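Chemist: Next comes data_24.cif, mmCIF, C-alpha atoms:
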data_structure
#
loop_
_atom_site.label_atom_id
_atom_site.label_comp_id
_atom_site.auth_asym_id
_atom_site.auth_seq_id
_atom_site.Cartn_x
_atom_site.Cartn_y
_atom_site.Cartn_z
CA MET A 1 -50.36 -43.49 62.28
CA PRO A 2 -51.41 -41.21 65.18
CA VAL A 3 -54.36 -42.55 67.16
CA VAL A 4 -57.59 -40.60 67.58
CA ALA A 5 -60.34 -41.59 70.01
CA ILE A 6 -63.87 -40.46 69.26
CA VAL A 7 -66.13 -40.35 72.27
CA GLY A 8 -69.72 -40.93 71.23
CA GLY A 9 -68.69 -42.11 67.78
CA THR A 10 -71.48 -44.64 67.35
CA ARG A 11 -74.03 -42.03 66.26
CA GLY A 12 -74.66 -38.34 65.73
CA ILE A 13 -71.85 -35.99 64.82
CA GLY A 14 -69.32 -38.40 66.33
CA ARG A 15 -70.25 -41.01 63.72
CA ALA A 16 -69.90 -38.47 60.91
CA VAL A 17 -66.44 -37.50 62.17
CA LEU A 18 -65.48 -41.18 62.42
CA GLU A 19 -66.39 -41.71 58.78
CA GLY A 20 -64.50 -38.59 57.73
CA ILE A 21 -61.32 -39.78 59.46
CA GLN A 22 -61.69 -43.27 58.03
CA ASP A 23 -62.06 -41.87 54.51
CA ARG A 24 -59.03 -39.57 54.81
CA GLY A 25 -56.83 -42.36 56.13
CA THR A 26 -54.22 -40.25 57.92
CA HIS A 27 -55.07 -41.42 61.45
CA THR A 28 -55.97 -44.61 63.24
CA VAL A 29 -59.35 -44.13 64.89
CA ILE A 30 -61.00 -45.93 67.79
CA VAL A 31 -64.38 -45.28 69.37
CA PHE A 32 -65.08 -44.96 73.09
CA SER A 33 -68.57 -45.98 74.18
CA ARG A 34 -70.26 -46.76 77.47
CA ASN A 35 -70.96 -50.28 76.25
CA TYR A 36 -69.20 -52.72 73.95
CA SER A 37 -71.08 -54.46 71.15
CA LYS A 38 -69.42 -56.68 68.56
CA GLU A 39 -72.25 -55.98 66.12
CA VAL A 40 -71.82 -52.21 66.50
CA GLU A 41 -68.05 -52.55 66.15
CA GLN A 42 -68.48 -54.42 62.88
CA GLU A 43 -70.95 -51.83 61.63
CA LEU A 44 -68.56 -48.97 62.46
CA GLY A 45 -65.54 -50.62 60.89
CA ALA A 46 -63.48 -49.32 63.82
CA ARG A 47 -62.41 -50.75 67.15
CA LEU A 48 -64.99 -50.10 69.86
CA VAL A 49 -63.76 -49.72 73.44
CA ALA A 50 -65.96 -49.63 76.54
CA ALA A 51 -65.23 -46.60 78.72
CA ASP A 52 -66.32 -45.59 82.22
CA TYR A 53 -66.70 -41.83 82.00
CA GLY A 54 -67.20 -41.58 85.74
CA ASP A 55 -63.70 -42.87 86.55
CA VAL A 56 -60.84 -40.56 85.60
CA ALA A 57 -58.13 -43.06 86.52
CA SER A 58 -59.61 -45.73 84.25
CA LEU A 59 -59.89 -43.20 81.42
CA VAL A 60 -56.21 -42.28 81.80
CA LYS A 61 -55.30 -45.96 81.53
CA LEU A 62 -57.55 -46.36 78.49
CA LEU A 63 -55.91 -43.41 76.74
CA GLU A 64 -52.40 -44.59 77.52
CA ASP A 65 -53.03 -48.25 76.72
CA ASN A 66 -54.34 -47.24 73.31
CA ASN A 67 -51.69 -44.54 72.72
CA VAL A 68 -54.40 -41.92 72.04
CA GLU A 69 -52.90 -38.63 70.86
CA THR A 70 -56.18 -36.78 70.22
CA VAL A 71 -59.62 -37.05 71.81
CA ILE A 72 -62.67 -35.86 69.89
CA SER A 73 -65.83 -35.52 71.94
CA GLY A 74 -69.18 -36.13 70.35
CA VAL A 75 -70.90 -36.82 73.65
CA ASN A 76 -74.41 -35.61 74.27
CA ASN A 77 -73.60 -33.40 77.24
CA PHE A 78 -77.10 -31.99 77.35
CA THR A 79 -77.66 -33.46 80.82
CA GLY A 80 -74.38 -32.13 82.17
CA ALA A 81 -70.68 -31.82 81.50
CA GLY A 82 -69.52 -34.51 83.94
CA ALA A 83 -68.43 -37.07 81.34
CA GLU A 84 -66.63 -34.56 79.16
CA ILE A 85 -64.90 -32.86 82.08
CA ASN A 86 -63.60 -36.24 83.26
CA LEU A 87 -62.35 -36.90 79.73
CA ILE A 88 -60.54 -33.56 79.72
CA ARG A 89 -58.96 -34.29 83.10
CA ALA A 90 -57.92 -37.76 81.97
CA SER A 91 -56.45 -36.35 78.74
CA GLU A 92 -54.40 -33.86 80.74
CA LEU A 93 -53.11 -36.63 83.03
CA SER A 94 -52.38 -39.03 80.17
CA SER A 95 -48.72 -39.16 79.16
CA VAL A 96 -49.59 -39.64 75.48
CA THR A 97 -52.67 -37.45 74.89
CA LYS A 98 -51.92 -33.95 73.60
CA ARG A 99 -55.06 -32.61 71.86
CA PHE A 100 -58.78 -32.35 72.55
CA ILE A 101 -61.85 -31.27 70.56
CA PRO A 102 -64.82 -30.64 72.88
CA SER A 103 -68.43 -31.29 71.97
CA VAL A 104 -69.34 -27.83 70.68
CA TRP A 105 -70.47 -28.44 67.07
CA GLY A 106 -72.45 -25.21 66.89
CA CYS A 107 -71.06 -22.02 68.38
CA ARG A 108 -69.17 -20.92 71.46
CA TYR A 109 -71.32 -19.34 74.13
CA GLY A 110 -70.57 -16.15 76.04
CA PRO A 111 -71.31 -15.42 79.71
CA ASP A 112 -74.70 -13.99 78.72
CA LYS A 113 -75.82 -17.56 77.90
CA SER A 114 -74.83 -19.02 81.27
CA ASP A 115 -78.51 -19.61 82.10
CA PHE A 116 -79.28 -21.40 78.80
CA PRO A 117 -79.28 -25.14 79.69
CA PRO A 118 -77.57 -26.45 76.50
CA ALA A 119 -74.80 -23.85 76.92
CA VAL A 120 -73.97 -24.63 80.56
CA PRO A 121 -72.00 -27.89 80.02
CA LYS A 122 -70.17 -26.44 77.01
CA ILE A 123 -69.06 -23.38 78.97
CA ALA A 124 -67.95 -25.66 81.83
CA SER A 125 -65.90 -27.84 79.48
CA GLU A 126 -64.13 -24.86 77.95
CA LYS A 127 -63.25 -23.53 81.41
CA GLU A 128 -61.79 -26.93 82.26
CA LEU A 129 -59.76 -27.00 79.03
CA GLU A 130 -58.32 -23.57 79.82
CA LYS A 131 -56.73 -25.08 82.94
CA THR A 132 -54.83 -27.70 80.93
CA SER A 133 -51.75 -27.84 78.74
CA LEU A 134 -53.75 -29.56 75.98
CA LYS A 135 -54.02 -28.13 72.50
CA TRP A 136 -57.73 -27.73 71.86
CA THR A 137 -60.15 -26.18 69.44
CA ALA A 138 -63.91 -25.63 69.36
CA VAL A 139 -65.38 -26.60 66.00
CA CYS A 140 -68.01 -23.98 65.10
CA ILE A 141 -70.42 -24.91 62.32
CA GLY A 142 -73.63 -22.99 63.10
CA PHE A 143 -76.74 -25.06 62.38
CA PHE A 144 -76.74 -28.48 60.76
CA LEU A 145 -78.05 -28.52 57.20
CA ASP A 146 -79.00 -32.18 57.64
CA TYR A 147 -82.38 -31.15 59.04
CA PHE A 148 -83.30 -29.61 55.67
CA GLY A 149 -82.75 -32.87 53.82
CA MET A 150 -83.97 -35.57 56.19
CA PRO A 151 -84.91 -38.35 55.85
CA LYS A 152 -83.56 -38.70 52.31
CA VAL A 153 -79.97 -37.51 52.84
CA LYS A 154 -77.37 -39.52 54.69
CA SER A 155 -77.18 -38.39 58.30
CA HIS A 156 -76.50 -39.91 61.72
CA LEU A 157 -78.21 -37.00 63.51
CA LEU A 158 -81.57 -37.40 65.17
CA PRO A 159 -84.26 -35.46 63.27
CA ILE A 160 -85.56 -32.22 64.73
CA THR A 161 -87.86 -29.51 63.39
CA MET A 162 -86.75 -25.93 63.98
CA VAL A 163 -88.02 -22.82 62.17
CA LEU A 164 -88.82 -24.66 58.91
CA ASP A 165 -91.29 -27.54 58.82
CA ILE A 166 -90.69 -28.54 55.22
CA VAL A 167 -93.05 -31.53 55.36
CA ALA A 168 -95.97 -29.40 56.54
CA ALA A 169 -94.98 -26.33 54.46
CA LYS A 170 -95.01 -24.15 57.57
CA ALA A 171 -92.43 -21.85 59.14
CA ALA A 172 -91.98 -19.96 62.40
CA ILE A 173 -89.22 -17.43 61.73
CA PRO A 174 -87.33 -16.00 64.73
CA GLY A 175 -87.37 -12.21 64.95
CA SER A 176 -86.91 -10.42 61.65
CA GLY A 177 -85.45 -13.46 59.88
CA ASP A 178 -82.88 -11.14 58.29
CA VAL A 179 -79.78 -11.92 60.38
CA PRO A 180 -77.36 -14.23 58.54
CA GLY A 181 -76.28 -17.47 60.15
CA ALA A 182 -73.85 -20.27 59.30
CA PHE A 183 -74.93 -23.75 58.24
CA ALA A 184 -73.02 -26.98 57.52
CA TYR A 185 -73.74 -30.59 56.61
CA SER A 186 -72.56 -33.12 59.21
CA GLN A 187 -70.84 -35.31 56.60
CA ASP A 188 -68.83 -32.29 55.46
CA VAL A 189 -67.97 -31.50 59.07
CA GLY A 190 -66.53 -34.99 59.37
CA LYS A 191 -64.30 -34.40 56.34
CA PHE A 192 -63.07 -31.04 57.60
CA VAL A 193 -62.33 -32.38 61.09
CA ALA A 194 -60.30 -35.19 59.53
CA ALA A 195 -58.33 -32.53 57.67
CA LEU A 196 -58.02 -30.43 60.83
CA LEU A 197 -56.21 -33.33 62.49
CA THR A 198 -53.36 -32.97 59.97
CA LEU A 199 -52.56 -29.43 61.18
CA SER A 200 -49.76 -29.08 63.75
CA GLU A 201 -51.24 -25.94 65.31
CA TRP A 202 -54.84 -25.15 66.17
CA GLU A 203 -56.71 -21.94 66.80
CA LYS A 204 -59.15 -21.88 69.72
CA GLU A 205 -61.98 -21.79 67.17
CA SER A 206 -62.14 -23.77 63.93
CA TYR A 207 -64.89 -22.63 61.57
CA ILE A 208 -66.68 -24.71 58.97
CA ILE A 209 -69.17 -22.77 56.86
CA GLY A 210 -71.15 -24.75 54.32
CA ASP A 211 -73.42 -21.80 53.69
CA LYS A 212 -74.35 -18.50 55.25
CA LEU A 213 -77.81 -17.06 54.81
CA THR A 214 -80.82 -15.69 56.65
CA TRP A 215 -83.92 -17.61 57.67
CA ASN A 216 -85.93 -15.61 55.14
CA GLU A 217 -83.52 -16.80 52.44
CA CYS A 218 -83.83 -20.38 53.72
CA LEU A 219 -87.59 -20.02 53.57
CA ARG A 220 -87.52 -18.92 49.93
CA LEU A 221 -85.25 -21.84 49.01
CA ALA A 222 -87.59 -24.29 50.76
CA GLU A 223 -90.65 -22.81 49.05
CA ASN A 224 -88.95 -23.04 45.68
CA VAL A 225 -87.99 -26.68 46.09
CA ARG A 226 -91.46 -27.60 47.36
CA GLY A 227 -93.18 -25.53 44.69
CA ASN A 228 -95.60 -23.78 47.03
CA LYS A 229 -95.80 -20.95 49.55
CA PHE A 230 -95.43 -21.81 53.23
CA ASP A 231 -97.72 -20.72 56.04
CA VAL A 232 -95.33 -18.33 57.81
CA THR A 233 -95.34 -16.83 61.31
CA TYR A 234 -92.73 -14.45 62.70
CA ASP A 235 -91.96 -15.05 66.38
CA SER A 236 -91.13 -11.85 68.23
CA ILE A 237 -88.06 -11.50 70.43
CA GLU A 238 -90.44 -11.05 73.36
CA LEU A 239 -92.08 -14.42 72.64
CA LEU A 240 -88.73 -16.17 72.25
CA THR A 241 -87.34 -14.55 75.40
CA SER A 242 -90.33 -15.92 77.29
CA GLY A 243 -89.27 -19.42 76.28
CA LYS A 244 -91.97 -19.98 73.67
CA VAL A 245 -92.15 -20.51 69.91
CA THR A 246 -94.99 -20.98 67.46
CA GLU A 247 -95.72 -24.70 67.45
CA LEU A 248 -95.07 -26.50 64.18
CA PRO A 249 -96.49 -29.95 63.36
CA GLY A 250 -92.97 -31.37 63.38
CA HIS A 251 -92.51 -30.39 67.04
CA VAL A 252 -95.24 -32.68 68.32
CA PRO A 253 -93.40 -36.05 67.96
CA ASP A 254 -90.54 -34.66 70.05
CA TYR A 255 -92.84 -34.17 73.02
CA ALA A 256 -92.51 -37.92 73.60
CA TYR A 257 -88.89 -37.23 74.63
CA PHE A 258 -89.15 -33.69 76.00
CA PRO A 259 -92.22 -32.17 77.67
CA LYS A 260 -93.70 -29.44 75.50
CA GLU A 261 -92.71 -26.60 77.82
CA GLN A 262 -89.10 -27.79 77.99
CA MET A 263 -88.92 -28.37 74.23
CA GLN A 264 -90.31 -24.91 73.50
CA ALA A 265 -87.76 -23.29 75.81
CA ILE A 266 -84.87 -25.12 74.11
CA LEU A 267 -86.09 -24.18 70.63
CA ALA A 268 -86.64 -20.57 71.68
CA GLY A 269 -83.12 -20.35 73.09
CA PHE A 270 -81.54 -21.72 69.93
CA GLN A 271 -83.61 -19.49 67.68
CA LEU A 272 -82.59 -16.42 69.67
CA LEU A 273 -78.98 -17.25 68.83
CA PHE A 274 -79.73 -16.51 65.19
CA GLU A 275 -81.44 -13.20 65.77
CA GLU A 276 -78.73 -12.12 68.22
CA GLY A 277 -76.03 -12.84 65.64
CA TYR A 278 -74.33 -15.67 67.51
CA LEU A 279 -74.16 -17.72 64.31
CA ASN A 280 -73.25 -14.82 62.05
CA PHE A 281 -69.63 -15.96 62.00
CA LYS A 282 -67.01 -13.57 60.64
CA PRO A 283 -63.73 -15.44 61.09
CA LYS A 284 -60.47 -14.33 59.51
CA GLN A 285 -60.00 -17.87 58.22
CA THR A 286 -62.11 -21.02 57.95
CA LEU A 287 -61.28 -24.66 57.43
CA ASN A 288 -62.94 -24.16 54.03
CA ASP A 289 -60.12 -21.72 53.21
CA LEU A 290 -57.41 -24.08 54.44
CA PHE A 291 -58.82 -27.13 52.64
CA PRO A 292 -60.41 -25.87 49.39
CA ASP A 293 -60.41 -29.41 47.97
CA ILE A 294 -63.31 -30.31 50.31
CA HIS A 295 -66.65 -29.31 48.80
CA ALA A 296 -69.14 -28.02 51.36
CA VAL A 297 -72.80 -28.65 50.56
CA SER A 298 -74.92 -25.48 50.40
CA ALA A 299 -78.45 -25.01 51.72
CA LYS A 300 -79.85 -25.14 48.18
CA GLU A 301 -77.94 -28.33 47.42
CA MET A 302 -79.21 -29.91 50.63
CA LEU A 303 -82.83 -28.99 49.89
CA ASP A 304 -82.48 -30.29 46.35
CA MET A 305 -81.05 -33.58 47.60
CA GLY A 306 -83.80 -33.92 50.15
CA TRP A 307 -86.85 -32.80 48.23
CA LYS A 308 -86.34 -32.86 44.48
CA ALA A 309 -87.66 -35.97 42.79
#
Represent the structure contained in this file as structure tokens.
Modeler:
Amino acid sequence: MPVVAIVGGTRGIGRAVLEGIQDRGTHTVIVFSRNYSKEVEQELGARLVAADYGDVASLVKLLEDNNVETVISGVNNFTGAGAEINLIRASELSSVTKRFIPSVWGCRYGPDKSDFPPAVPKIASEKELEKTSLKWTAVCIGFFLDYFGMPKVKSHLLPITMVLDIVAAKAAIPGSGDVPGAFAYSQDVGKFVAALLTLSEWEKESYIIGDKLTWNECLRLAENVRGNKFDVTYDSIELLTSGKVTELPGHVPDYAYFPKEQMQAILAGFQLLFEEGYLNFKPKQTLNDLFPDIHAVSAKEMLDMGWKA
């Protein structure tokens, strides 16, 4: 079977994709990680290989020694695109590697987002891919539904509170809250990516849409499943543009990892994407269309799984 290497496959979206490929059974999958652990390897049920992302030559050897046809990146490139760019360069130099999926897992960013920190490494990676002969596709899913069902639903993503604080029954809606956006469950994304690997040709964008609705519609679904009205604030575009959002109780634990000012700016930037229509996908075709046998969990289903007794 063709060999796929998942970079960052021990957790997060990479882990969900790993499980999707394992379940489909059409490809052999290995996981690249900065460190090797026998215990982690046993937990994953896949071969774990230590990789030095700072050394392109060693990455080329790793790809060729393992006969890797496709690289899927689930790296957290929040601090920069260095690791992913080296992986792209190594994949181009490798005699056996032909395809690459960069760590997008949201939406593609235009030049107008070149000053938004989370967008910078993703834009850089895509520019690097354009220089290569690799087949590549950006997997666009919108916003992960997992956050609506945590901690009850299965997910390898780290929890984060954005817009809806379902535990506290509070919401801070960006802008009007009436612009539709796409949502998808990470476990479904893993299944669709596994199916995507079976296609001989790829578009530059591969869309997975589990659901498409506005934040006001999400709010009503959350209120219904909780059985009470939320305390709701609408954050103006001016507030979001200034790098601020209304603080929700669920934000506070994250300040241990990100200073409040930095966290607010990140949340504000992501929430602007919704109001600006970045996640209001209108593709001619989705992976849902190509693989109708894969059921995609809806927002209502996710909330029911997470909050109904």
Chemist: Just how far from atom CA of A:Ile173 is atom CA of A:Lys229, in Å to one decimal?
Modeler: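 One can read the atom CA of A:Lys229 to atom CA of A:Ile173 distance as 14.3 Å.
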Chemist: Name the residues that the PyMOL selection byres ((chain A and resi 65) around 12) picks from the file above, as a list of chain:residue names, using the file's chain letters and numbers.
Modeler: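 This file, filtered by the PyMOL selection byres ((chain A and resi 65) around 12), leaves A:Val3, A:Ala5, A:Val49, A:Ser58, A:Leu59, A:Val60, A:Lys61, A:Leu62, A:Leu63, A:Glu64, A:Asn66, A:Asn67, A:Val68, A:Glu69, A:Ser94, A:Ser95, A:Val96, A:Thr97.
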Chemist: Which residue out of A:Ile209, A:Ala83, A:Ala169, A:Leu199 has the minimum interatomic distance to A:Lys282 when only C-alpha atoms are used?
Modeler: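 Looking at the shortest contact to A:Lys282, the residue is A:Ile209.
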Chemist: Residues at most 10 Å from A:Ala168, counting all atoms listed in the file, excluding those fewer than 4 positions away in the same chain, as a PyMOL selection string?
Modeler: chain A and resi 164+230-231+248-250
Chemist: Kindly resolve the PyMOL selection byres ((chain A and resi 70) around 12) on the present coordinates and return the residues as a PyMOL selection string.
Modeler: chain A and resi 1-7+27-31+63-64+66-69+71-73+87-88+90-92+94-102+134-137+193-194+196-198+200
Chemist: Kindly export the residues of the current selection with C-alpha atoms, as a tab-separated table (two decimals), in the frame of the given file.
Modeler:
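Printed below is out.tsv as written:
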chain	number	residue	atom	x	y	z
A	1	MET	CA	-50.36	-43.49	62.28
A	2	PRO	CA	-51.41	-41.21	65.18
A	3	VAL	CA	-54.36	-42.55	67.16
A	4	VAL	CA	-57.59	-40.60	67.58
A	5	ALA	CA	-60.34	-41.59	70.01
A	6	ILE	CA	-63.87	-40.46	69.26
A	7	VAL	CA	-66.13	-40.35	72.27
A	27	HIS	CA	-55.07	-41.42	61.45
A	28	THR	CA	-55.97	-44.61	63.24
A	29	VAL	CA	-59.35	-44.13	64.89
A	30	ILE	CA	-61.00	-45.93	67.79
A	31	VAL	CA	-64.38	-45.28	69.37
A	63	LEU	CA	-55.91	-43.41	76.74
A	64	GLU	CA	-52.40	-44.59	77.52
A	66	ASN	CA	-54.34	-47.24	73.31
A	67	ASN	CA	-51.69	-44.54	72.72
A	68	VAL	CA	-54.40	-41.92	72.04
A	69	GLU	CA	-52.90	-38.63	70.86
A	71	VAL	CA	-59.62	-37.05	71.81
A	72	ILE	CA	-62.67	-35.86	69.89
A	73	SER	CA	-65.83	-35.52	71.94
A	87	LEU	CA	-62.35	-36.90	79.73
A	88	ILE	CA	-60.54	-33.56	79.72
A	90	ALA	CA	-57.92	-37.76	81.97
A	91	SER	CA	-56.45	-36.35	78.74
A	92	GLU	CA	-54.40	-33.86	80.74
A	94	SER	CA	-52.38	-39.03	80.17
A	95	SER	CA	-48.72	-39.16	79.16
A	96	VAL	CA	-49.59	-39.64	75.48
A	97	THR	CA	-52.67	-37.45	74.89
A	98	LYS	CA	-51.92	-33.95	73.60
A	99	ARG	CA	-55.06	-32.61	71.86
A	100	PHE	CA	-58.78	-32.35	72.55
A	101	ILE	CA	-61.85	-31.27	70.56
A	102	PRO	CA	-64.82	-30.64	72.88
A	134	LEU	CA	-53.75	-29.56	75.98
A	135	LYS	CA	-54.02	-28.13	72.50
A	136	TRP	CA	-57.73	-27.73	71.86
A	137	THR	CA	-60.15	-26.18	69.44
A	193	VAL	CA	-62.33	-32.38	61.09
A	194	ALA	CA	-60.30	-35.19	59.53
A	196	LEU	CA	-58.02	-30.43	60.83
A	197	LEU	CA	-56.21	-33.33	62.49
A	198	THR	CA	-53.36	-32.97	59.97
A	200	SER	CA	-49.76	-29.08	63.75
Chemist: How would you write, as a list in words, the residues chosen by the PyMOL selection byres ((chain A and resi 52) around 9) on this structure?
Modeler: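 Checked against the file, the PyMOL selection byres ((chain A and resi 52) around 9) matches Ser33, Arg34, Asn35, Ala50, Ala51, Tyr53, Gly54, Asp55, Val56, Ser58, Leu59 and Ala83 of chain A.
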Chemist: Which residues come within 9 Å of stretch 234-247 of chain A, counting only C-alpha atoms, excluding same-chain residues fewer than 4 positions away, as a ChimeraX atom specification?
Modeler: /A:163,171-177,251-252,261-269,271-272,275
Chemist: Box along x, y and z, 3 Å on every side, all listed atoms of stretch 60-71 of chain A inside: centre and edge lengths in Å to one decimal, as JSON.
Modeler:
{"center_x": -55.7, "center_y": -42.5, "center_z": 76.0, "size_x": 13.9, "size_y": 17.5, "size_z": 17.6}
